[in-house]
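Visitor: If it helps, the file is called start_25.cif and holds mmCIF, C-alpha atoms and all ligand atoms:
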```
data_work
#
loop_
_atom_site.label_atom_id
_atom_site.label_comp_id
_atom_site.auth_asym_id
_atom_site.auth_seq_id
_atom_site.Cartn_x
_atom_site.Cartn_y
_atom_site.Cartn_z
CA MET A 1 18.95 -6.79 -3.28
CA GLU A 2 20.50 -5.53 -0.05
CA PHE A 3 17.43 -4.20 1.77
CA ILE A 4 14.33 -5.70 0.12
CA THR A 5 13.11 -9.28 0.11
CA TYR A 6 10.35 -10.42 -2.20
CA GLU A 7 8.52 -13.72 -2.18
CA VAL A 8 5.36 -15.04 -3.77
CA GLU A 9 2.90 -17.39 -2.03
CA ASN A 10 -0.43 -18.42 -3.54
CA GLN A 11 -0.63 -15.49 -5.97
CA VAL A 12 0.26 -13.01 -3.21
CA GLY A 13 3.56 -11.12 -3.40
CA ILE A 14 5.17 -10.16 -0.08
CA ILE A 15 7.62 -7.26 -0.11
CA THR A 16 9.63 -6.84 3.09
CA ILE A 17 11.74 -3.76 3.77
CA ASN A 18 14.70 -5.35 5.47
CA ARG A 19 17.05 -2.88 7.12
CA PRO A 20 16.37 -3.65 10.77
CA LYS A 21 19.57 -2.04 12.11
CA ALA A 22 18.11 1.34 11.09
CA LEU A 23 14.51 0.30 11.91
CA ASN A 24 13.95 -0.11 8.16
CA ALA A 25 14.55 3.60 7.44
CA LEU A 26 14.33 4.57 3.80
CA ASN A 27 17.64 5.60 2.28
CA SER A 28 18.18 6.02 -1.48
CA THR A 29 19.18 2.39 -1.89
CA VAL A 30 16.00 1.14 -0.21
CA LEU A 31 13.93 3.40 -2.47
CA ASP A 32 15.78 2.23 -5.60
CA GLU A 33 15.39 -1.41 -4.60
CA LEU A 34 11.70 -0.97 -3.87
CA ASP A 35 11.25 0.59 -7.29
CA ALA A 36 13.11 -2.30 -8.95
CA THR A 37 11.09 -4.86 -6.96
CA LEU A 38 7.81 -3.39 -8.18
CA ASP A 39 9.13 -3.63 -11.75
CA GLN A 40 9.80 -7.34 -11.18
CA VAL A 41 6.34 -8.28 -9.95
CA ASP A 42 4.84 -10.82 -12.35
CA LEU A 43 1.40 -9.37 -12.93
CA GLU A 44 0.30 -12.49 -14.77
CA GLU A 45 0.57 -14.45 -11.54
CA VAL A 46 0.46 -12.07 -8.59
CA ARG A 47 -2.93 -10.60 -7.66
CA VAL A 48 -2.23 -8.77 -4.39
CA LEU A 49 0.89 -7.37 -2.73
CA ILE A 50 1.61 -7.17 0.99
CA LEU A 51 4.19 -4.60 2.14
CA THR A 52 5.77 -5.04 5.56
CA GLY A 53 8.95 -4.37 7.52
CA ALA A 54 11.51 -6.81 8.92
CA GLY A 55 11.57 -7.45 12.66
CA GLU A 56 9.02 -6.93 15.40
CA LYS A 57 9.78 -3.34 16.28
CA SER A 58 9.44 -1.25 13.18
CA PHE A 59 7.59 -1.13 9.90
CA VAL A 60 9.56 1.86 8.59
CA ALA A 61 10.98 4.55 10.93
CA GLY A 62 11.02 7.19 8.20
CA ALA A 63 13.32 8.53 5.57
CA ASP A 64 16.98 8.17 6.48
CA ILE A 65 17.84 11.16 8.67
CA GLY A 66 21.60 10.62 8.30
CA GLU A 67 21.34 10.75 4.51
CA MET A 68 19.11 13.84 4.59
CA SER A 69 21.15 15.77 7.14
CA SER A 70 23.57 17.39 4.69
CA LEU A 71 21.34 17.87 1.65
CA THR A 72 21.12 21.21 -0.17
CA LYS A 73 17.71 22.66 -1.11
CA ALA A 74 17.98 21.17 -4.61
CA GLU A 75 19.11 17.81 -3.29
CA GLY A 76 16.30 17.84 -0.73
CA GLU A 77 13.76 18.44 -3.48
CA ALA A 78 15.28 15.65 -5.58
CA PHE A 79 15.16 13.26 -2.59
CA GLY A 80 11.48 14.15 -2.10
CA LYS A 81 10.83 13.39 -5.76
CA LYS A 82 12.64 10.09 -5.52
CA GLY A 83 10.39 8.97 -2.65
CA ASN A 84 7.27 10.42 -4.22
CA ASP A 85 7.91 8.66 -7.54
CA VAL A 86 8.23 5.24 -5.87
CA PHE A 87 5.25 5.81 -3.57
CA ARG A 88 3.11 6.96 -6.51
CA LYS A 89 4.14 3.81 -8.39
CA LEU A 90 2.91 1.81 -5.40
CA GLU A 91 -0.31 3.81 -5.15
CA THR A 92 -1.11 3.36 -8.84
CA PHE A 93 0.21 -0.21 -9.01
CA PRO A 94 -2.31 -2.26 -11.03
CA ILE A 95 -3.11 -4.68 -8.18
CA PRO A 96 -4.10 -3.95 -4.56
CA VAL A 97 -1.36 -3.40 -1.99
CA ILE A 98 -1.93 -4.16 1.71
CA ALA A 99 0.38 -2.49 4.24
CA ALA A 100 0.99 -4.83 7.19
CA ILE A 101 2.39 -2.32 9.67
CA ASN A 102 4.39 -4.15 12.31
CA GLY A 103 5.64 -1.33 14.54
CA PHE A 104 6.92 2.22 13.96
CA ALA A 105 5.40 3.92 10.92
CA LEU A 106 6.91 7.37 11.27
CA GLY A 107 7.55 10.02 8.64
CA GLY A 108 8.26 8.19 5.39
CA GLY A 109 6.95 5.01 7.09
CA CYS A 110 3.53 6.50 7.69
CA GLU A 111 3.72 7.97 4.18
CA ILE A 112 4.53 4.70 2.42
CA SER A 113 1.67 2.97 4.26
CA MET A 114 -0.68 5.68 3.00
CA SER A 115 0.35 4.89 -0.59
CA CYS A 116 -1.04 1.40 -0.07
CA ASP A 117 -4.69 0.52 -0.67
CA ILE A 118 -5.41 -0.93 2.77
CA ARG A 119 -3.54 -0.56 6.08
CA ILE A 120 -3.68 -3.04 8.95
CA CYS A 121 -1.31 -2.95 11.92
CA SER A 122 -0.01 -4.72 15.00
CA ASP A 123 -0.95 -3.44 18.44
CA ASN A 124 2.55 -2.01 18.98
CA ALA A 125 2.35 0.21 15.88
CA VAL A 126 3.03 3.93 16.21
CA PHE A 127 2.10 6.38 13.46
CA GLY A 128 3.15 9.95 12.97
CA GLN A 129 4.70 12.67 10.87
CA PRO A 130 7.49 13.95 13.15
CA GLU A 131 9.18 16.01 10.41
CA VAL A 132 8.55 19.51 11.77
CA GLY A 133 10.52 18.47 14.84
CA LEU A 134 13.45 17.82 12.48
CA GLY A 135 13.07 21.16 10.70
CA ILE A 136 11.48 19.81 7.53
CA THR A 137 8.01 19.09 6.14
CA PRO A 138 6.72 15.60 5.45
CA GLY A 139 8.25 15.01 2.04
CA PHE A 140 7.02 11.68 0.69
CA GLY A 141 3.34 12.61 0.34
CA GLY A 142 2.41 13.10 4.01
CA THR A 143 1.05 16.62 3.60
CA GLN A 144 -1.26 15.33 0.88
CA ARG A 145 -2.35 11.79 1.74
CA LEU A 146 -2.86 12.10 5.51
CA ALA A 147 -5.48 14.82 5.08
CA ARG A 148 -7.22 12.78 2.40
CA ILE A 149 -7.39 9.72 4.65
CA VAL A 150 -8.13 11.10 8.13
CA GLY A 151 -9.47 14.58 7.30
CA VAL A 152 -7.80 17.97 7.22
CA GLY A 153 -8.21 18.90 10.90
CA LYS A 154 -6.76 15.69 12.30
CA ALA A 155 -3.93 15.68 9.73
CA LYS A 156 -2.97 19.27 10.57
CA GLU A 157 -3.04 18.50 14.30
CA MET A 158 -0.73 15.51 13.81
CA ILE A 159 1.63 17.22 11.36
CA TYR A 160 1.92 20.66 13.01
CA GLY A 161 2.33 19.08 16.45
CA ALA A 162 4.61 16.24 15.27
CA ARG A 163 2.28 14.14 17.42
CA ASN A 164 2.64 10.38 17.17
CA ILE A 165 -0.40 8.19 17.69
CA LYS A 166 -0.74 4.58 18.80
CA ALA A 167 -2.56 1.79 16.99
CA ASP A 168 -5.88 2.28 18.80
CA GLU A 169 -6.06 5.94 17.82
CA ALA A 170 -4.97 5.13 14.25
CA TYR A 171 -7.91 2.71 14.13
CA ARG A 172 -10.31 5.24 15.63
CA ILE A 173 -9.46 7.94 13.05
CA GLY A 174 -9.57 5.53 10.11
CA LEU A 175 -5.86 5.45 9.35
CA VAL A 176 -5.88 1.65 9.69
CA ASN A 177 -8.66 -0.82 9.00
CA ASN A 178 -7.80 -3.23 11.82
CA VAL A 179 -5.36 -3.84 14.68
CA TYR A 180 -3.97 -7.30 15.56
CA PRO A 181 -1.60 -8.81 18.11
CA GLN A 182 1.86 -8.83 16.50
CA GLU A 183 1.86 -12.59 15.77
CA GLU A 184 -1.54 -12.39 14.09
CA LEU A 185 -0.68 -9.51 11.75
CA MET A 186 0.87 -11.43 8.83
CA PRO A 187 -1.70 -14.25 8.97
CA ALA A 188 -4.42 -11.57 8.88
CA ALA A 189 -2.72 -9.78 5.96
CA LYS A 190 -2.44 -13.07 4.06
CA LYS A 191 -6.07 -13.94 4.78
CA LEU A 192 -7.22 -10.54 3.53
CA ALA A 193 -4.98 -10.91 0.45
CA ALA A 194 -6.41 -14.38 -0.25
CA THR A 195 -9.95 -13.03 -0.04
CA ILE A 196 -9.08 -10.45 -2.69
CA ALA A 197 -6.99 -12.86 -4.80
CA LYS A 198 -9.85 -15.32 -5.27
CA ASN A 199 -11.94 -12.70 -7.03
CA ALA A 200 -11.84 -11.86 -10.72
CA PRO A 201 -8.50 -10.13 -11.29
CA ILE A 202 -9.56 -7.75 -14.05
CA ALA A 203 -12.54 -6.65 -11.98
CA VAL A 204 -10.39 -6.08 -8.88
CA ARG A 205 -7.84 -4.07 -10.87
CA ASN A 206 -10.57 -2.02 -12.46
CA CYS A 207 -12.12 -1.29 -9.03
CA LYS A 208 -8.77 0.04 -7.80
CA LYS A 209 -8.41 2.25 -10.86
CA ALA A 210 -12.00 3.49 -10.65
CA ILE A 211 -11.75 4.38 -6.94
CA ASN A 212 -8.33 6.04 -7.21
CA GLU A 213 -8.95 7.96 -10.42
CA GLY A 214 -12.52 8.85 -9.52
CA LEU A 215 -11.42 10.51 -6.28
CA GLN A 216 -9.25 12.96 -8.25
CA VAL A 217 -12.09 14.42 -10.35
CA ASP A 218 -15.65 15.72 -9.91
CA MET A 219 -18.58 13.30 -9.75
CA ASP A 220 -19.66 13.82 -13.39
CA GLN A 221 -16.22 12.79 -14.60
CA ALA A 222 -15.91 10.10 -11.93
CA ILE A 223 -18.98 8.20 -13.03
CA VAL A 224 -17.68 8.21 -16.62
CA ILE A 225 -14.44 6.65 -15.36
CA GLU A 226 -16.57 4.02 -13.63
CA GLU A 227 -18.66 3.35 -16.74
CA LYS A 228 -15.59 2.74 -18.88
CA LEU A 229 -14.01 0.37 -16.35
CA PHE A 230 -17.35 -1.40 -15.83
CA GLY A 231 -17.64 -1.89 -19.60
CA ASP A 232 -14.07 -3.13 -19.76
CA CYS A 233 -15.01 -6.15 -17.60
CA PHE A 234 -17.50 -7.48 -20.16
CA GLU A 235 -16.53 -10.21 -22.63
CA THR A 236 -13.76 -11.32 -20.24
CA GLU A 237 -13.63 -14.97 -19.23
CA ASP A 238 -14.13 -13.98 -15.61
CA GLN A 239 -17.34 -12.14 -16.40
CA LYS A 240 -18.65 -15.03 -18.47
CA ALA A 241 -17.70 -17.58 -15.80
CA GLY A 242 -18.90 -15.51 -12.86
CA MET A 243 -22.29 -14.69 -14.34
CA GLY A 244 -22.62 -18.09 -16.02
CA ASN A 245 -22.17 -19.88 -12.71
CA PHE A 246 -24.76 -17.69 -11.07
CA LEU A 247 -27.29 -18.22 -13.85
CA GLU A 248 -26.73 -21.99 -13.87
CA LYS A 249 -27.69 -21.93 -10.16
CA ASP A 250 -24.88 -24.37 -9.50
CA LYS A 251 -23.36 -23.29 -6.22
CA THR A 252 -20.85 -26.12 -6.25
CA LYS A 253 -19.06 -24.51 -9.17
CA LYS A 254 -16.34 -22.06 -8.35
CA LEU A 255 -15.73 -18.85 -10.21
CA LYS A 256 -13.44 -19.92 -13.01
CA VAL A 257 -11.13 -16.96 -12.80
CA VAL A 258 -8.20 -17.55 -15.10
CA PRO A 259 -4.71 -16.10 -14.79
CA PHE A 260 -3.81 -13.21 -17.05
CA LYS A 261 -1.41 -15.35 -19.07
CA ASN A 262 -4.32 -17.51 -20.25
CA ARG A 263 -6.40 -14.64 -21.54
N1 LIG B 1 16.82 7.44 9.81
C1 LIG B 1 18.03 6.90 10.06
N2 LIG B 1 18.28 6.05 11.08
C2 LIG B 1 17.25 5.75 11.89
C3 LIG B 1 15.96 6.29 11.70
C4 LIG B 1 15.76 7.16 10.60
N3 LIG B 1 14.58 7.69 10.31
N4 LIG B 1 15.16 5.84 12.68
C5 LIG B 1 15.91 5.02 13.45
N5 LIG B 1 17.16 4.97 12.98
C6 LIG B 1 18.30 4.23 13.52
C7 LIG B 1 18.88 4.92 14.76
O1 LIG B 1 19.77 5.96 14.37
C8 LIG B 1 19.57 3.78 15.45
O2 LIG B 1 20.78 3.53 14.79
P1 LIG B 1 22.12 3.21 15.68
O3 LIG B 1 21.79 1.93 16.40
O4 LIG B 1 23.18 3.05 14.63
O5 LIG B 1 22.29 4.37 16.58
C9 LIG B 1 18.65 2.59 15.15
O6 LIG B 1 17.85 2.99 14.02
C10 LIG B 1 17.72 2.27 16.28
O7 LIG B 1 17.01 3.46 16.62
P2 LIG B 1 16.91 4.01 18.12
O8 LIG B 1 18.12 3.64 18.91
O9 LIG B 1 16.57 5.47 18.03
O10 LIG B 1 15.66 3.18 18.65
P3 LIG B 1 14.62 3.59 19.77
O11 LIG B 1 13.82 2.39 20.07
O12 LIG B 1 15.28 4.29 20.90
O13 LIG B 1 13.67 4.69 19.06
C11 LIG B 1 12.34 5.58 17.27
C12 LIG B 1 12.86 4.31 17.97
C13 LIG B 1 11.38 6.34 18.20
C14 LIG B 1 11.61 5.16 16.01
C15 LIG B 1 13.54 6.49 16.93
O14 LIG B 1 14.51 5.73 16.24
C16 LIG B 1 13.17 7.64 16.06
O15 LIG B 1 12.61 8.64 16.54
N6 LIG B 1 13.52 7.57 14.74
C17 LIG B 1 13.30 8.65 13.83
C18 LIG B 1 11.84 8.75 13.45
C19 LIG B 1 11.62 9.93 12.54
O16 LIG B 1 11.81 11.06 12.91
N7 LIG B 1 11.18 9.66 11.31
C20 LIG B 1 10.94 10.67 10.32
C21 LIG B 1 12.14 10.86 9.46
S1 LIG B 1 12.00 12.28 8.43
C22 LIG B 1 11.11 11.75 7.10
O17 LIG B 1 10.63 10.64 7.02
C23 LIG B 1 10.99 12.79 6.02
C24 LIG B 1 10.04 12.48 4.93
O18 LIG B 1 8.84 12.62 5.06
C25 LIG B 1 10.54 12.10 3.63
#
```
If you convert what's in this file into structure tokens, what do you get?

Guide:
Amino acid sequence: MEFITYEVENQVGIITINRPKALNALNSTVLDELDATLDQVDLEEVRVLILTGAGEKSFVAGADIGEMSSLTKAEGEAFGKKGNDVFRKLETFPIPVIAAINGFALGGGCEISMSCDIRICSDNAVFGQPEVGLGITPGFGGTQRLARIVGVGKAKEMIYGARNIKADEAYRIGLVNNVYPQEELMPAAKKLAATIAKNAPIAVRNCKKAINEGLQVDMDQAIVIEEKLFGDCFETEDQKAGMGNFLEKDKTKKLKVVPFKNR
């Protein structure tokens, strides 16, 4: 891979977008490589993904403006679909994805972070959808996900005005869960990932599916989605171990979560 690095540590996969000369901007190759990286994740071992950008300045500074500058209408639409397909794959990926946002998260950078389950950032992070200043709309999900995360009014203000916001405002409006000094960001992301990774993997996956799918339908349908995923946890080794340990009142025993390959 030219622009993506992928490593696994303690059941946590770390994907780094590594194109620092262009502030990790997303060209077609980066999108293709990200797609291929997600296909390679070993879901028997890895329980949480962290997505970050290389360097200390930028998470992702957007879609590649040079590549987009000469596109026709049809090519523009196809480029939007290319980004949307990868981001949707990330959003519906079976395991949780944490965005560790280490600097600029503009345009496609803000959009890719919003496809992740949880966003945390460094104190130098800047978020925004500057597309209307470039004569285009946000095209990798920004018109849809920003409003769902921060509310319609705030999203429209940011998008129509092409107004960037700093980390403290992103925290205040709920775009990120926490802000850290730059050097503490990855340790915090790993700590959060470890907290998730120690829990029962089928249950965590089912929670992600229930929350994501439930938000797309009305409450009557949503609770049925929950019931099915709740039921799906029973008879698993994790459920037997987790409840068995509780009932045995033996607090020294750890939850005997087993990797998928042993099920
Ligand atoms: N696409 C292509 N190249 C980019 C880029 C982008 N989105 N963002 C930065 N770069 C490149 C610059 O062209 C520059 O390359 P050279 O050294 O070869 O000239 C290099 O990265 C460093 O950038 P700057 O010199 O501009 O760095 P800076 O510190 O002065 O400014 C910045 C940083 C404010 C992030 C500025 O680079 C910037 O405004 N970038 C564009 C941000 C943007 O508009 N993003 C949205 C893109 S549109 C989009 O994403 C559409 C969509 O929804 C799908």

Visitor: Select, from A:Ser113, A:Asn27, A:Thr92, A:Gln40, the residue with the minimum atom-to-atom distance to Cys207 (chain A), counting only C-alpha atoms.

Guide: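 Closest to Cys207 (chain A), using only C-alpha atoms: A:Thr92.
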
Visitor: One decimal, in Å: what's the spacing between CA of Lys89 (chain A) and atom C24 of ligand LIG 1 (chain B)?

Guide: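 Pair CA of Lys89 (chain A) / atom C24 of ligand LIG 1 (chain B) returns 17.0 Å.
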
Visitor: Calculate how many Å separate CA of Glu111 (chain A) from CA of Leu146 (chain A), rounding to one decimal.

Guide: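 CA of Leu146 (chain A) lies 7.9 Å from CA of Glu111 (chain A).
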
Visitor: Taking (15.1, -2.5, 12.3) in the file's coordinates, which residues come within 7 Å, counting all atoms listed in the file, written as a PyMOL selection string?

Guide: chain A and resi 19-24+54-55+57-58

Visitor: Out of A:Gln216, A:Ser28, A:Gln11, A:Thr236, which residue has the shortest atom-to-atom distance to Glu75 (chain A) when counting only C-alpha atoms?

Guide: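 Result for the nearest residue to Glu75 (chain A): A:Ser28.
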
Visitor: Which of these, A:Ala125, A:Ala210, A:Ile202, A:Ile4, has the shortest distance to ligand LIG 1 (chain B) once you count only C-alpha atoms and all ligand atoms?

Guide: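 Of all the options, A:Ala125 lies closest to ligand LIG 1 (chain B).
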
Visitor: Given all atoms listed in the file as the basis, pick out the residue of A:Met114, A:Val46, A:Ala222, A:Val12 nearest to ligand LIG 1 (chain B).

Guide: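 Among A:Met114, A:Val46, A:Ala222, A:Val12, it is A:Met114 that comes nearest to ligand LIG 1 (chain B).
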
Visitor: Excluding same-chain residues fewer than 5 positions from Gln144 (chain A), what lies within 10 Å of it counting only C-alpha atoms, as a CSV table (one decimal) with C-alpha atoms, in the coordinates of the input?

Guide:
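Okay, out-v2.csv is ready:
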```
chain,number,residue,atom,x,y,z
A,111,GLU,CA,3.7,8.0,4.2
A,114,MET,CA,-0.7,5.7,3.0
A,138,PRO,CA,6.7,15.6,5.4
A,139,GLY,CA,8.2,15.0,2.0
A,149,ILE,CA,-7.4,9.7,4.6
A,152,VAL,CA,-7.8,18.0,7.2
A,155,ALA,CA,-3.9,15.7,9.7
```

Visitor: Measuring between only C-alpha atoms and all ligand atoms, which one of A:Glu169, A:Glu56, A:Glu7, A:Asp39 shows the shortest distance to ligand LIG 1 (chain B)?

Guide: A:Glu56

Visitor: For ligand LIG 1 (chain B), return the neighbouring residues as a VMD selection string (distance at most 9 Å; only C-alpha atoms and all ligand atoms).

Guide: chain A and resid 20 to 27 57 to 58 60 to 68 79 to 80 83 to 84 103 to 111 126 128 to 134 136 to 143

Visitor: Quick one: which region 120-203 of chain A residues come within 12 Å of region 241-247 of chain A, and what is the nearest atom pair for each with the distance in Å to one decimal, counting all atoms listed in the file, rows ordered by chain and ascending number, as JSON lines?

Guide:
```
{"residue": "A:Lys198", "atom": "CA", "partner": "A:Gly242", "partner_atom": "CA", "distance": 11.8}
{"residue": "A:Asn199", "atom": "CA", "partner": "A:Gly242", "partner_atom": "CA", "distance": 9.5}
{"residue": "A:Ala200", "atom": "CA", "partner": "A:Gly242", "partner_atom": "CA", "distance": 8.2}
{"residue": "A:Pro201", "atom": "CA", "partner": "A:Gly242", "partner_atom": "CA", "distance": 11.8}
{"residue": "A:Ala203", "atom": "CA", "partner": "A:Gly242", "partner_atom": "CA", "distance": 10.9}
```

Visitor: Just want the 9 Å neighbourhood of Lys208 (chain A), counted on only C-alpha atoms, with same-chain residues fewer than 4 positions away dropped. Output as a list in words.

Guide: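 Final neighbour list, sorted by chain and number: Thr92, Pro94, Ile95, Pro96, Asp117, Ala203, Val204, Asn212 and Glu213 of chain A.
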
Visitor: Please indicate the distance in Å from CA of Leu49 (chain A) to CA of Lys154 (chain A), rounded to one decimal place.

Guide: 28.6 Å

Visitor: If you count all atoms listed in the file, which residues fall within 8 Å of Gln182 (chain A), apart from same-chain ones fewer than 5 positions away, as a list in words?

Guide: Glu56, Asn102, Ser122, Asp123 and Asn124 of chain A

Visitor: Take the residues that were just selected and, keeping C-alpha atoms, output them as a PDB file, in the frame of the given file.

Guide:
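See result.pdb below for the written result:
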```pdb
ATOM      1  CA  GLU A  56       9.020  -6.930  15.400  1.00  0.00           C
ATOM      2  CA  ASN A 102       4.390  -4.150  12.310  1.00  0.00           C
ATOM      3  CA  SER A 122      -0.010  -4.720  15.000  1.00  0.00           C
ATOM      4  CA  ASP A 123      -0.950  -3.440  18.440  1.00  0.00           C
ATOM      5  CA  ASN A 124       2.550  -2.010  18.980  1.00  0.00           C
TER       6      ASN A 124
END
```

Visitor: May I have the residues at most 9 Å from (0.5, -14.0, -9.0) in the file's coordinates, counting only C-alpha atoms, as a PyMOL selection string?

Guide: chain A and resi 8-13+41-48+197+259

Visitor: Which of these residues is nearest to Glu91 (chain A), using all atoms listed in the file: A:Ile173, A:Ala147, A:Lys209, A:Glu77?

Guide: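 Between A:Ile173, A:Ala147, A:Lys209, A:Glu77, the residue approaching Glu91 (chain A) most closely is A:Lys209.
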